[in-house]
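Containing PDB, C-alpha atoms and all ligand atoms: start-v5.pdb.
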ATOM      1  CA  MET A 182       9.540  -0.241  -1.879
ATOM      2  CA  ALA A 183       6.935   0.332   0.871
ATOM      3  CA  LYS A 184       3.813  -1.836   0.694
ATOM      4  CA  PHE A 185       0.230  -0.744   1.199
ATOM      5  CA  ASN A 186      -1.653  -3.786   2.372
ATOM      6  CA  HIS A 187      -5.215  -2.563   2.623
ATOM      7  CA  LYS A 188      -8.337  -3.638   0.732
ATOM      8  CA  ASP A 189     -10.297  -0.582   1.937
ATOM      9  CA  LEU A 190      -9.713   2.935   3.207
ATOM     10  CA  LEU A 191     -12.265   3.339   5.977
ATOM     11  CA  GLY A 192     -10.617   5.829   8.308
ATOM     12  CA  MET A 193      -7.419   7.419   9.580
ATOM     13  CA  GLN A 194      -7.728   5.069  12.558
ATOM     14  CA  GLN A 195      -6.686   2.065  10.416
ATOM     15  CA  LEU A 196      -3.623   3.766   8.889
ATOM     16  CA  SER A 197      -0.135   3.558  10.384
ATOM     17  CA  VAL A 198       2.331   6.453  10.297
ATOM     18  CA  GLU A 199       4.137   4.606   7.459
ATOM     19  CA  ASP A 200       0.871   4.203   5.512
ATOM     20  CA  ILE A 201       0.140   7.921   5.814
ATOM     21  CA  ARG A 202       3.648   8.876   4.744
ATOM     22  CA  HIS A 203       3.423   6.439   1.820
ATOM     23  CA  ILE A 204       0.125   8.001   0.630
ATOM     24  CA  LEU A 205       1.520  11.560   0.918
ATOM     25  CA  ASP A 206       4.735  10.652  -0.904
ATOM     26  CA  THR A 207       2.758   8.914  -3.674
ATOM     27  CA  ALA A 208       0.453  11.950  -3.974
ATOM     28  CA  GLU A 209       3.499  14.184  -4.323
ATOM     29  CA  SER A 210       4.660  12.175  -7.320
ATOM     30  CA  PHE A 211       1.158  12.258  -8.880
ATOM     31  CA  LYS A 212       0.533  15.980  -8.382
ATOM     32  CA  GLU A 213       2.474  17.002 -11.479
ATOM     33  CA  ILE A 214       0.183  14.976 -13.795
ATOM     34  CA  SER A 215      -2.649  17.465 -13.207
ATOM     35  CA  THR A 216      -0.467  20.328 -14.483
ATOM     36  CA  ARG A 217       0.236  18.657 -17.852
ATOM     37  CA  ASP A 218      -1.461  19.562 -21.085
ATOM     38  CA  ILE A 219      -2.640  15.948 -21.420
ATOM     39  CA  LYS A 220      -3.693  15.073 -17.854
ATOM     40  CA  LYS A 221      -3.809  11.317 -18.176
ATOM     41  CA  VAL A 222      -1.569   8.311 -17.478
ATOM     42  CA  PRO A 223      -2.439   4.638 -18.133
ATOM     43  CA  THR A 224      -1.760   3.453 -14.555
ATOM     44  CA  LEU A 225      -5.290   2.147 -13.781
ATOM     45  CA  ARG A 226      -6.390   1.230 -17.312
ATOM     46  CA  GLY A 227      -8.946  -1.600 -17.160
ATOM     47  CA  LYS A 228      -9.944  -0.861 -13.532
ATOM     48  CA  SER A 229     -13.387   0.445 -12.623
ATOM     49  CA  VAL A 230     -14.459   2.769  -9.816
ATOM     50  CA  VAL A 231     -18.051   3.436  -8.680
ATOM     51  CA  ASN A 232     -18.686   6.780  -6.972
ATOM     52  CA  PHE A 233     -21.704   6.170  -4.750
ATOM     53  CA  PHE A 234     -22.787   9.404  -3.011
ATOM     54  CA  TYR A 235     -25.827   9.349  -0.709
ATOM     55  CA  GLU A 236     -25.126  12.905   0.437
ATOM     56  CA  PRO A 237     -24.392  16.037  -1.607
ATOM     57  CA  SER A 238     -20.771  16.753  -2.488
ATOM     58  CA  THR A 239     -18.906  19.158  -4.737
ATOM     59  CA  ARG A 240     -15.233  18.643  -3.898
ATOM     60  CA  THR A 241     -14.958  14.968  -2.896
ATOM     61  CA  LYS A 242     -17.126  13.565  -5.702
ATOM     62  CA  THR A 243     -15.539  15.629  -8.470
ATOM     63  CA  SER A 244     -12.081  15.060  -7.092
ATOM     64  CA  PHE A 245     -12.458  11.243  -6.970
ATOM     65  CA  GLU A 246     -13.888  11.267 -10.474
ATOM     66  CA  MET A 247     -11.023  13.385 -11.831
ATOM     67  CA  ALA A 248      -8.441  11.325  -9.947
ATOM     68  CA  ALA A 249      -9.777   8.057 -11.400
ATOM     69  CA  LYS A 250     -10.007   9.486 -14.925
ATOM     70  CA  ARG A 251      -6.478  10.930 -14.777
ATOM     71  CA  LEU A 252      -5.263   7.416 -13.975
ATOM     72  CA  SER A 253      -7.375   6.002 -16.891
ATOM     73  CA  ALA A 254      -9.806   4.030 -14.695
ATOM     74  CA  ASP A 255     -13.432   3.749 -15.845
ATOM     75  CA  THR A 256     -15.834   5.595 -13.553
ATOM     76  CA  VAL A 257     -19.553   5.403 -12.834
ATOM     77  CA  SER A 258     -21.397   7.856 -10.572
ATOM     78  CA  LEU A 259     -24.515   7.023  -8.605
ATOM     79  CA  SER A 260     -26.515   9.248  -6.263
ATOM     80  CA  ALA A 261     -29.178   8.217  -3.768
ATOM     81  CA  SER A 262     -31.905  10.075  -5.673
ATOM     82  CA  GLY A 263     -30.856   8.496  -8.964
ATOM     83  CA  SER A 264     -30.619   4.951  -7.607
ATOM     84  CA  SER A 265     -33.245   2.313  -6.784
ATOM     85  CA  MET A 266     -32.837   3.242  -3.091
ATOM     86  CA  VAL A 267     -35.774   5.597  -3.743
ATOM     87  CA  LYS A 268     -37.836   2.468  -4.545
ATOM     88  CA  GLY A 269     -36.940   0.894  -1.212
ATOM     89  CA  GLU A 270     -33.798  -1.095  -2.035
ATOM     90  CA  THR A 271     -31.479  -1.392   0.975
ATOM     91  CA  LEU A 272     -27.872  -0.241   1.076
ATOM     92  CA  ILE A 273     -26.634  -3.824   1.325
ATOM     93  CA  ASP A 274     -28.730  -5.005  -1.628
ATOM     94  CA  THR A 275     -27.605  -2.013  -3.665
ATOM     95  CA  ALA A 276     -23.979  -2.826  -2.861
ATOM     96  CA  ARG A 277     -24.425  -6.527  -3.683
ATOM     97  CA  ASN A 278     -25.851  -5.569  -7.074
ATOM     98  CA  LEU A 279     -22.951  -3.216  -7.727
ATOM     99  CA  GLN A 280     -20.556  -5.998  -6.718
ATOM    100  CA  ALA A 281     -22.204  -8.310  -9.267
ATOM    101  CA  MET A 282     -20.796  -5.984 -11.948
ATOM    102  CA  ASN A 283     -17.258  -6.505 -10.599
ATOM    103  CA  PRO A 284     -16.018  -2.988  -9.859
ATOM    104  CA  ASP A 285     -12.553  -2.705  -8.317
ATOM    105  CA  LEU A 286     -13.490   0.075  -5.920
ATOM    106  CA  ILE A 287     -16.635   1.663  -4.502
ATOM    107  CA  VAL A 288     -16.261   5.199  -3.128
ATOM    108  CA  LEU A 289     -19.089   5.718  -0.634
ATOM    109  CA  ARG A 290     -20.425   8.833   1.050
ATOM    110  CA  HIS A 291     -23.266   8.139   3.473
ATOM    111  CA  SER A 292     -25.117   9.985   6.228
ATOM    112  CA  SER A 293     -24.835   7.002   8.590
ATOM    113  CA  SER A 294     -21.613   6.501  10.532
ATOM    114  CA  GLY A 295     -20.253   3.023   9.831
ATOM    115  CA  ALA A 296     -21.969   2.503   6.438
ATOM    116  CA  PRO A 297     -18.635   2.017   4.570
ATOM    117  CA  HIS A 298     -17.456  -0.444   7.248
ATOM    118  CA  LEU A 299     -20.627  -2.487   6.715
ATOM    119  CA  LEU A 300     -20.132  -2.566   2.930
ATOM    120  CA  ALA A 301     -16.456  -3.485   3.297
ATOM    121  CA  LYS A 302     -17.554  -6.741   4.960
ATOM    122  CA  GLU A 303     -20.228  -7.438   2.343
ATOM    123  CA  VAL A 304     -18.433  -6.885  -0.957
ATOM    124  CA  GLU A 305     -15.185  -7.977  -2.559
ATOM    125  CA  ALA A 306     -14.513  -4.563  -4.093
ATOM    126  CA  GLY A 307     -12.404  -2.174  -2.064
ATOM    127  CA  ILE A 308     -14.396   0.492  -0.209
ATOM    128  CA  ILE A 309     -13.225   4.075   0.224
ATOM    129  CA  ASN A 310     -14.980   6.105   2.877
ATOM    130  CA  ALA A 311     -15.783   9.499   1.314
ATOM    131  CA  GLY A 312     -17.408  10.692   4.565
ATOM    132  CA  ASP A 313     -19.706   8.674   6.849
ATOM    133  CA  GLY A 314     -22.041  10.606   9.152
ATOM    134  CA  ILE A 315     -20.096  12.163  12.019
ATOM    135  CA  ASN A 316     -17.439   9.450  11.981
ATOM    136  CA  GLU A 317     -14.567   9.961   9.486
ATOM    137  CA  HIS A 318     -13.575  11.568   6.179
ATOM    138  CA  PRO A 319     -10.096  10.093   5.680
ATOM    139  CA  THR A 320      -9.233  11.484   2.247
ATOM    140  CA  GLN A 321     -10.060  15.005   3.476
ATOM    141  CA  ALA A 322      -7.625  14.537   6.378
ATOM    142  CA  LEU A 323      -4.984  13.127   4.021
ATOM    143  CA  LEU A 324      -5.255  16.101   1.664
ATOM    144  CA  ASP A 325      -5.077  18.427   4.669
ATOM    145  CA  LEU A 326      -1.936  16.665   5.924
ATOM    146  CA  PHE A 327      -0.481  16.876   2.408
ATOM    147  CA  THR A 328      -1.201  20.620   2.266
ATOM    148  CA  ILE A 329       0.343  21.260   5.696
ATOM    149  CA  ARG A 330       3.468  19.289   4.735
ATOM    150  CA  GLU A 331       3.676  21.106   1.395
ATOM    151  CA  LYS A 332       3.285  24.588   2.909
ATOM    152  CA  LYS A 333       5.232  24.082   6.143
ATOM    153  CA  GLY A 334       7.770  21.408   5.139
ATOM    154  CA  ARG A 335       6.700  19.016   7.914
ATOM    155  CA  ILE A 336       3.798  17.935  10.107
ATOM    156  CA  LYS A 337       5.664  16.792  13.216
ATOM    157  CA  GLY A 338       5.784  19.565  15.820
ATOM    158  CA  MET A 339       3.349  21.823  13.936
ATOM    159  CA  LYS A 340       0.730  23.586  16.050
ATOM    160  CA  ILE A 341      -2.747  23.318  14.575
ATOM    161  CA  ALA A 342      -5.958  24.942  15.855
ATOM    162  CA  ILE A 343      -9.235  23.418  14.638
ATOM    163  CA  ILE A 344     -12.135  25.832  15.226
ATOM    164  CA  GLY A 345     -15.863  25.128  14.939
ATOM    165  CA  ASP A 346     -18.370  22.343  15.327
ATOM    166  CA  ILE A 347     -15.963  19.652  16.504
ATOM    167  CA  SER A 348     -18.731  17.325  17.788
ATOM    168  CA  HIS A 349     -20.442  16.826  14.445
ATOM    169  CA  SER A 350     -17.432  17.017  12.161
ATOM    170  CA  ARG A 351     -15.999  13.899  10.513
ATOM    171  CA  VAL A 352     -13.289  16.164   9.084
ATOM    172  CA  ALA A 353     -12.231  17.202  12.596
ATOM    173  CA  ARG A 354     -12.181  13.602  13.818
ATOM    174  CA  SER A 355     -10.095  12.308  10.896
ATOM    175  CA  ASN A 356      -7.734  15.274  11.110
ATOM    176  CA  ILE A 357      -7.244  14.940  14.876
ATOM    177  CA  ILE A 358      -6.419  11.222  14.509
ATOM    178  CA  GLY A 359      -4.056  11.827  11.564
ATOM    179  CA  LEU A 360      -2.344  14.930  12.950
ATOM    180  CA  ILE A 361      -1.696  13.363  16.364
ATOM    181  CA  LYS A 362      -0.323  10.208  14.672
ATOM    182  CA  MET A 363       2.060  12.366  12.631
ATOM    183  CA  GLY A 364       3.306  14.232  15.721
ATOM    184  CA  ALA A 365       1.438  17.563  15.455
ATOM    185  CA  GLU A 366       0.071  19.474  18.461
ATOM    186  CA  VAL A 367      -3.680  19.990  18.090
ATOM    187  CA  THR A 368      -5.885  22.589  19.805
ATOM    188  CA  VAL A 369      -9.658  22.532  19.360
ATOM    189  CA  SER A 370     -11.808  25.618  19.794
ATOM    190  CA  GLY A 371     -15.487  26.522  19.622
ATOM    191  CA  PRO A 372     -18.592  26.744  21.772
ATOM    192  CA  PRO A 373     -18.591  24.253  24.684
ATOM    193  CA  THR A 374     -21.812  22.761  23.226
ATOM    194  CA  MET A 375     -19.899  21.762  20.086
ATOM    195  CA  ILE A 376     -16.860  20.192  21.730
ATOM    196  CA  PRO A 377     -17.175  16.625  23.084
ATOM    197  CA  MET A 378     -16.628  16.396  26.872
ATOM    198  CA  ASP A 379     -13.900  13.744  26.613
ATOM    199  CA  ILE A 380     -12.067  15.156  23.568
ATOM    200  CA  ASP A 381      -8.854  15.521  25.618
ATOM    201  CA  LYS A 382      -8.591  11.703  25.560
ATOM    202  CA  LEU A 383      -7.632  12.058  21.876
ATOM    203  CA  GLY A 384      -4.599  14.078  22.995
ATOM    204  CA  VAL A 385      -5.822  17.558  22.065
ATOM    205  CA  ARG A 386      -5.866  20.840  24.014
ATOM    206  CA  VAL A 387      -9.190  22.676  24.396
ATOM    207  CA  VAL A 388      -9.267  26.511  24.207
ATOM    208  CA  HIS A 389     -12.787  27.831  23.757
ATOM    209  CA  ASP A 390     -11.887  31.422  22.816
ATOM    210  CA  PRO A 391     -10.629  31.521  19.188
ATOM    211  CA  VAL A 392      -8.613  34.693  19.872
ATOM    212  CA  GLU A 393      -6.547  32.684  22.369
ATOM    213  CA  ALA A 394      -6.614  29.512  20.256
ATOM    214  CA  VAL A 395      -4.970  31.039  17.147
ATOM    215  CA  LYS A 396      -1.999  32.583  19.007
ATOM    216  CA  GLU A 397       1.279  30.732  18.336
ATOM    217  CA  GLU A 398      -0.416  28.336  15.862
ATOM    218  CA  ASP A 399       1.142  27.398  12.514
ATOM    219  CA  VAL A 400      -2.185  26.342  11.016
ATOM    220  CA  VAL A 401      -5.760  27.458  11.678
ATOM    221  CA  MET A 402      -8.416  25.101  10.317
ATOM    222  CA  LEU A 403     -12.045  26.243  10.227
ATOM    223  CA  LEU A 404     -15.077  23.989  10.187
ATOM    224  CA  ARG A 405     -18.607  24.558   8.972
ATOM    225  CA  ILE A 406     -21.444  24.326  11.491
ATOM    226  CA  GLN A 407     -23.115  21.034  10.640
ATOM    227  CA  LEU A 408     -26.699  22.252  11.080
ATOM    228  CA  GLU A 409     -27.993  19.167   9.225
ATOM    229  CA  ARG A 410     -26.478  16.901  11.898
ATOM    230  CA  GLN A 411     -27.589  18.809  15.013
ATOM    231  CA  ASN A 412     -30.743  17.532  16.729
ATOM    232  CA  LYS A 413     -31.215  20.911  18.312
ATOM    233  CA  VAL A 414     -29.592  24.271  17.779
ATOM    234  CA  LEU A 415     -26.458  24.440  19.918
ATOM    235  CA  PHE A 416     -25.984  28.219  19.837
ATOM    236  CA  PRO A 417     -28.314  31.251  19.958
ATOM    237  CA  GLY A 418     -27.978  32.232  16.278
ATOM    238  CA  LEU A 419     -25.622  32.523  13.309
ATOM    239  CA  ARG A 420     -24.883  36.188  14.070
ATOM    240  CA  GLU A 421     -23.821  35.328  17.637
ATOM    241  CA  TYR A 422     -21.743  32.399  16.374
ATOM    242  CA  ALA A 423     -19.981  34.640  13.853
ATOM    243  CA  SER A 424     -19.198  37.342  16.410
ATOM    244  CA  PHE A 425     -17.861  34.966  19.109
ATOM    245  CA  PHE A 426     -16.356  32.095  17.121
ATOM    246  CA  GLY A 427     -15.947  33.258  13.514
ATOM    247  CA  LEU A 428     -12.444  33.802  12.124
ATOM    248  CA  SER A 429     -12.188  37.442  11.082
ATOM    249  CA  GLY A 430      -9.339  39.740  10.109
ATOM    250  CA  GLU A 431      -9.507  41.106  13.654
ATOM    251  CA  VAL A 432      -8.946  37.645  15.209
ATOM    252  CA  MET A 433      -6.111  36.987  12.721
ATOM    253  CA  LYS A 434      -4.209  40.034  14.017
ATOM    254  CA  GLY A 435      -3.204  37.865  16.994
ATOM    255  CA  ALA A 436      -1.921  35.007  14.791
ATOM    256  CA  LYS A 437       1.652  34.348  13.611
ATOM    257  CA  ASP A 438       2.794  36.147  10.441
ATOM    258  CA  ASP A 439       3.320  32.850   8.585
ATOM    259  CA  VAL A 440       0.112  31.131   9.714
ATOM    260  CA  ILE A 441      -1.934  29.305   7.071
ATOM    261  CA  VAL A 442      -5.743  29.192   7.102
ATOM    262  CA  MET A 443      -7.530  26.034   5.946
ATOM    263  CA  HIS A 444     -11.179  25.074   5.419
ATOM    264  CA  PRO A 445     -12.429  21.765   3.989
ATOM    265  CA  GLY A 446     -15.462  23.422   2.382
ATOM    266  CA  PRO A 447     -18.248  24.070   1.859
ATOM    267  CA  MET A 448     -17.681  27.466   3.522
ATOM    268  CA  ASN A 449     -20.372  29.599   5.090
ATOM    269  CA  ARG A 450     -18.909  33.035   4.477
ATOM    270  CA  GLY A 451     -19.764  35.443   7.257
ATOM    271  CA  VAL A 452     -20.441  32.628   9.728
ATOM    272  CA  GLU A 453     -17.291  30.611  10.579
ATOM    273  CA  ILE A 454     -15.021  32.727   8.350
ATOM    274  CA  THR A 455     -15.133  36.237   6.917
ATOM    275  CA  SER A 456     -14.393  36.825   3.236
ATOM    276  CA  ASP A 457     -11.263  38.886   3.941
ATOM    277  CA  VAL A 458      -9.727  35.826   5.654
ATOM    278  CA  ALA A 459     -11.121  33.219   3.211
ATOM    279  CA  ASP A 460      -9.695  35.124   0.221
ATOM    280  CA  GLY A 461      -6.749  36.679   2.050
ATOM    281  CA  PRO A 462      -3.011  36.039   2.014
ATOM    282  CA  TYR A 463      -3.049  33.328   4.706
ATOM    283  CA  SER A 464      -5.663  31.213   2.934
ATOM    284  CA  VAL A 465      -4.661  27.900   1.316
ATOM    285  CA  ILE A 466      -8.270  26.771   0.875
ATOM    286  CA  LEU A 467      -8.108  26.293  -2.903
ATOM    287  CA  ASP A 468      -4.675  24.634  -2.629
ATOM    288  CA  GLN A 469      -6.420  22.023  -0.474
ATOM    289  CA  VAL A 470      -8.842  21.336  -3.330
ATOM    290  CA  THR A 471      -5.996  21.066  -5.870
ATOM    291  CA  ASN A 472      -4.136  18.673  -3.569
ATOM    292  CA  GLY A 473      -7.290  16.595  -3.108
ATOM    293  CA  VAL A 474      -6.994  15.264  -6.658
ATOM    294  CA  ALA A 475      -3.370  14.164  -6.159
ATOM    295  CA  VAL A 476      -4.142  12.545  -2.811
ATOM    296  CA  ARG A 477      -7.135  10.660  -4.236
ATOM    297  CA  MET A 478      -5.024   9.515  -7.203
ATOM    298  CA  ALA A 479      -2.552   8.135  -4.660
ATOM    299  CA  VAL A 480      -5.272   6.370  -2.658
ATOM    300  CA  LEU A 481      -6.820   4.795  -5.788
ATOM    301  CA  TYR A 482      -3.408   3.698  -7.040
ATOM    302  CA  LEU A 483      -2.291   2.203  -3.724
ATOM    303  CA  LEU A 484      -5.566   0.318  -3.223
ATOM    304  CA  ILE A 485      -5.926  -1.210  -6.698
ATOM    305  CA  GLY A 486      -2.811  -0.471  -8.716
ATOM    306  CA  GLY A 487       0.141  -0.501  -6.352
ATOM    307  CA  SER A 488       2.274  -3.377  -5.139
ATOM    308  CA  LYS A 489       1.008  -5.542  -2.284
ATOM    309  CA  GLU A 490       2.760  -8.291  -0.316
TER     310      GLU A 490
HETATM  311  N1  LIG B   1     -14.806  18.818   1.999
HETATM  312  C1  LIG B   1     -15.820  18.114   1.460
HETATM  313  O1  LIG B   1     -16.047  16.940   1.800
HETATM  314  O2  LIG B   1     -16.561  18.813   0.564
HETATM  315  P1  LIG B   1     -17.782  18.215  -0.280
HETATM  316  O3  LIG B   1     -18.913  17.964   0.714
HETATM  317  O4  LIG B   1     -18.131  19.249  -1.301
HETATM  318  O5  LIG B   1     -17.338  16.919  -0.876
END
Output the structure of this file as structure tokens.
Ligand code: CP
Amino acid sequence: MAKFNHKDLLGMQQLSVEDIRHILDTAESFKEISTRDIKKVPTLRGKSVVNFFYEPSTRTKTSFEMAAKRLSADTVSLSASGSSMVKGETLIDTARNLQAMNPDLIVLRHSSSGAPHLLAKEVEAGIINAGDGINEHPTQALLDLFTIREKKGRIKGMKIAIIGDISHSRVARSNIIGLIKMGAEVTVSGPPTMIPMDIDKLGVRVVHDPVEAVKEEDVVMLLRIQLERQNKVLFPGLREYASFFGLSGEVMKGAKDDVIVMHPGPMNRGVEITSDVADGPYSVILDQVTNGVAVRMAVLYLLIGGSKE
């Protein structure tokens, strides 16, 4: 049986091809549990997971909580506004105090890139990066890889266009690293001001015009404009962005008949994607959310319940 020898999940960078395959295969076996009448197995009974979210989240926070509960782990949720951080306590002190209560895992979302890496060195509990600044969002990339494999049968050789604010997107970064590792061909698209100058060093193709970028692709992945992470506005206005870089039914006319459209959420309808595409026949956006629970069950299980060497 394959081993998963990691204390933490900090990024796609640290995972080997075998690790990624092991997580996806484990998620596949867990997915069925969420379709049962009684959606619970005793796999992580007696383990405890702290969900520590410094930034807002709908999908990731709920999904980790459901994943832990479906595996019978005890869960506690903490937000920045509800913690003693508002009284001036530092991140490290907060983490040390959480550690004093002996959790098995801390799931951390933070606006600063590298915050989970810092905590991983400070505490004995495993740390899962649930999104750190503009750095990585590994479980989002894993659920995206799972969805591509589920819908297309494989990842290797698949052509994937990622369109939007590549510079500020931790989802884009984690997906590019994971997809390239698994043998996919990645194209990035969007305004030149939102694509890093040296992105080609990651092994991706750059095509600024989305009409050109979606042709011949098996998967089109949209990203939200991360206005909260931009120091200055990098485009004239939302209307201009939508008309030049938004994915509309018109742009999709140039795509393959069996293309799938993905979006990590939250979506800005009418900006990066029109409603006819978001809710249309190519969209697998809600399948991504469903798969997120299975993938997070797999990650929790492999970090604190699976076999290690
Ligand atoms: N995709 C994602 O991370 O969504 P949330 O911000 O709602 O968790």
Evaluate the PyMOL selection byres (((not hetatm)) within 6 of (chain B and resi 1)) and record the selected residues as an mmCIF file with C-alpha atoms, in the coordinates of the input, following the chain and residue labels used in the document.
data_model
loop_
_atom_site.group_PDB
_atom_site.id
_atom_site.type_symbol
_atom_site.label_atom_id
_atom_site.label_comp_id
_atom_site.auth_asym_id
_atom_site.auth_seq_id
_atom_site.Cartn_x
_atom_site.Cartn_y
_atom_site.Cartn_z
ATOM 1 C CA SER A 238 -20.771 16.753 -2.488
ATOM 2 C CA THR A 239 -18.906 19.158 -4.737
ATOM 3 C CA ARG A 240 -15.233 18.643 -3.898
ATOM 4 C CA THR A 241 -14.958 14.968 -2.896
ATOM 5 C CA LYS A 242 -17.126 13.565 -5.702
ATOM 6 C CA PRO A 445 -12.429 21.765 3.989
ATOM 7 C CA GLY A 446 -15.462 23.422 2.382
ATOM 8 C CA PRO A 447 -18.248 24.070 1.859
#
Open item on the list: Just checking: using only C-alpha atoms, which residue out of A:Pro373, A:Lys188, A:Asp399, A:Thr216 ends up closest to Val304 (chain A)?
Closed with: A:Lys188
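Residue membership of the PyMOL selection byres (((chain A and resi 262-272) around 10) and not hetatm) in the shown file amounts to Phe233, Phe234, Tyr235, Glu236, Ser258, Leu259, Ser260, Ala261, Ile273, Asp274, Thr275, Ala276, Arg277, Asn278, His291, Ala296, Leu299 and Leu300 of chain A.
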Open item on the list: What does the structure give for the distance between CA of Ile308 (chain A) and CA of Gly384 (chain A), in Å to one decimal?
Closed with: 28.6 Å
Quick one: which region 192-296 of chain A residues come within 12 Å of region 468-485 of chain A, and what is the nearest atom pair for each with the distance in Å to one decimal, counting all atoms listed in the file, rows ordered by chain and ascending number, as a Markdown table?
| residue | atom | partner | partner_atom | distance |
| --- | --- | --- | --- | --- |
| A:Leu196 | CA | A:Val480 | CA | 12.0 |
| A:Asp200 | CA | A:Leu483 | CA | 10.0 |
| A:Ile201 | CA | A:Val480 | CA | 10.2 |
| A:Arg202 | CA | A:Ala479 | CA | 11.3 |
| A:His203 | CA | A:Ala479 | CA | 9.0 |
| A:Ile204 | CA | A:Ala479 | CA | 5.9 |
| A:Leu205 | CA | A:Val476 | CA | 6.9 |
| A:Asp206 | CA | A:Ala479 | CA | 8.6 |
| A:Thr207 | CA | A:Ala479 | CA | 5.5 |
| A:Ala208 | CA | A:Val476 | CA | 4.8 |
| A:Glu209 | CA | A:Ala475 | CA | 7.1 |
| A:Ser210 | CA | A:Ala475 | CA | 8.4 |
| A:Phe211 | CA | A:Ala475 | CA | 5.6 |
| A:Lys212 | CA | A:Ala475 | CA | 4.8 |
| A:Glu213 | CA | A:Ala475 | CA | 8.4 |
| A:Ile214 | CA | A:Ala475 | CA | 8.5 |
| A:Ser215 | CA | A:Ala475 | CA | 7.8 |
| A:Thr216 | CA | A:Thr471 | CA | 10.3 |
| A:Lys220 | CA | A:Val474 | CA | 11.7 |
| A:Lys221 | CA | A:Met478 | CA | 11.2 |
| A:Val222 | CA | A:Met478 | CA | 10.9 |
| A:Pro223 | CA | A:Tyr482 | CA | 11.2 |
| A:Thr224 | CA | A:Tyr482 | CA | 7.7 |
| A:Leu225 | CA | A:Tyr482 | CA | 7.2 |
| A:Arg226 | CA | A:Ile485 | CA | 10.9 |
| A:Gly227 | CA | A:Ile485 | CA | 10.9 |
| A:Lys228 | CA | A:Ile485 | CA | 7.9 |
| A:Ser229 | CA | A:Ile485 | CA | 9.7 |
| A:Val230 | CA | A:Leu481 | CA | 8.9 |
| A:Val231 | CA | A:Leu481 | CA | 11.7 |
| A:Thr239 | CA | A:Val470 | CA | 10.4 |
| A:Arg240 | CA | A:Val470 | CA | 7.0 |
| A:Thr241 | CA | A:Gly473 | CA | 7.8 |
| A:Lys242 | CA | A:Val474 | CA | 10.3 |
| A:Thr243 | CA | A:Val474 | CA | 8.7 |
| A:Ser244 | CA | A:Val474 | CA | 5.1 |
| A:Phe245 | CA | A:Arg477 | CA | 6.0 |
| A:Glu246 | CA | A:Val474 | CA | 8.8 |
| A:Met247 | CA | A:Val474 | CA | 6.8 |
| A:Ala248 | CA | A:Met478 | CA | 4.7 |
| A:Ala249 | CA | A:Met478 | CA | 6.5 |
| A:Lys250 | CA | A:Met478 | CA | 9.2 |
| A:Arg251 | CA | A:Met478 | CA | 7.8 |
| A:Leu252 | CA | A:Met478 | CA | 7.1 |
| A:Ser253 | CA | A:Met478 | CA | 10.6 |
| A:Ala254 | CA | A:Leu481 | CA | 9.4 |
| A:Thr256 | CA | A:Leu481 | CA | 11.9 |
| A:Pro284 | CA | A:Ile485 | CA | 10.7 |
| A:Asp285 | CA | A:Ile485 | CA | 7.0 |
| A:Leu286 | CA | A:Ile485 | CA | 7.7 |
| A:Ile287 | CA | A:Leu481 | CA | 10.4 |
| A:Val288 | CA | A:Leu481 | CA | 9.8 |
Next, write the just-selected residues to a file, as a short mmCIF file (atom, residue, chain, number, x, y, z; two decimals), in the coordinates of the input, keeping C-alpha atoms as the atom set.
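Contents of selection_13.cif, freshly written:
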data_model
loop_
_atom_site.label_atom_id
_atom_site.label_comp_id
_atom_site.auth_asym_id
_atom_site.auth_seq_id
_atom_site.Cartn_x
_atom_site.Cartn_y
_atom_site.Cartn_z
CA LEU A 196 -3.62 3.77 8.89
CA ASP A 200 0.87 4.20 5.51
CA ILE A 201 0.14 7.92 5.81
CA ARG A 202 3.65 8.88 4.74
CA HIS A 203 3.42 6.44 1.82
CA ILE A 204 0.12 8.00 0.63
CA LEU A 205 1.52 11.56 0.92
CA ASP A 206 4.74 10.65 -0.90
CA THR A 207 2.76 8.91 -3.67
CA ALA A 208 0.45 11.95 -3.97
CA GLU A 209 3.50 14.18 -4.32
CA SER A 210 4.66 12.18 -7.32
CA PHE A 211 1.16 12.26 -8.88
CA LYS A 212 0.53 15.98 -8.38
CA GLU A 213 2.47 17.00 -11.48
CA ILE A 214 0.18 14.98 -13.80
CA SER A 215 -2.65 17.46 -13.21
CA THR A 216 -0.47 20.33 -14.48
CA LYS A 220 -3.69 15.07 -17.85
CA LYS A 221 -3.81 11.32 -18.18
CA VAL A 222 -1.57 8.31 -17.48
CA PRO A 223 -2.44 4.64 -18.13
CA THR A 224 -1.76 3.45 -14.56
CA LEU A 225 -5.29 2.15 -13.78
CA ARG A 226 -6.39 1.23 -17.31
CA GLY A 227 -8.95 -1.60 -17.16
CA LYS A 228 -9.94 -0.86 -13.53
CA SER A 229 -13.39 0.44 -12.62
CA VAL A 230 -14.46 2.77 -9.82
CA VAL A 231 -18.05 3.44 -8.68
CA THR A 239 -18.91 19.16 -4.74
CA ARG A 240 -15.23 18.64 -3.90
CA THR A 241 -14.96 14.97 -2.90
CA LYS A 242 -17.13 13.56 -5.70
CA THR A 243 -15.54 15.63 -8.47
CA SER A 244 -12.08 15.06 -7.09
CA PHE A 245 -12.46 11.24 -6.97
CA GLU A 246 -13.89 11.27 -10.47
CA MET A 247 -11.02 13.38 -11.83
CA ALA A 248 -8.44 11.32 -9.95
CA ALA A 249 -9.78 8.06 -11.40
CA LYS A 250 -10.01 9.49 -14.92
CA ARG A 251 -6.48 10.93 -14.78
CA LEU A 252 -5.26 7.42 -13.98
CA SER A 253 -7.38 6.00 -16.89
CA ALA A 254 -9.81 4.03 -14.70
CA THR A 256 -15.83 5.60 -13.55
CA PRO A 284 -16.02 -2.99 -9.86
CA ASP A 285 -12.55 -2.70 -8.32
CA LEU A 286 -13.49 0.08 -5.92
CA ILE A 287 -16.64 1.66 -4.50
CA VAL A 288 -16.26 5.20 -3.13
#
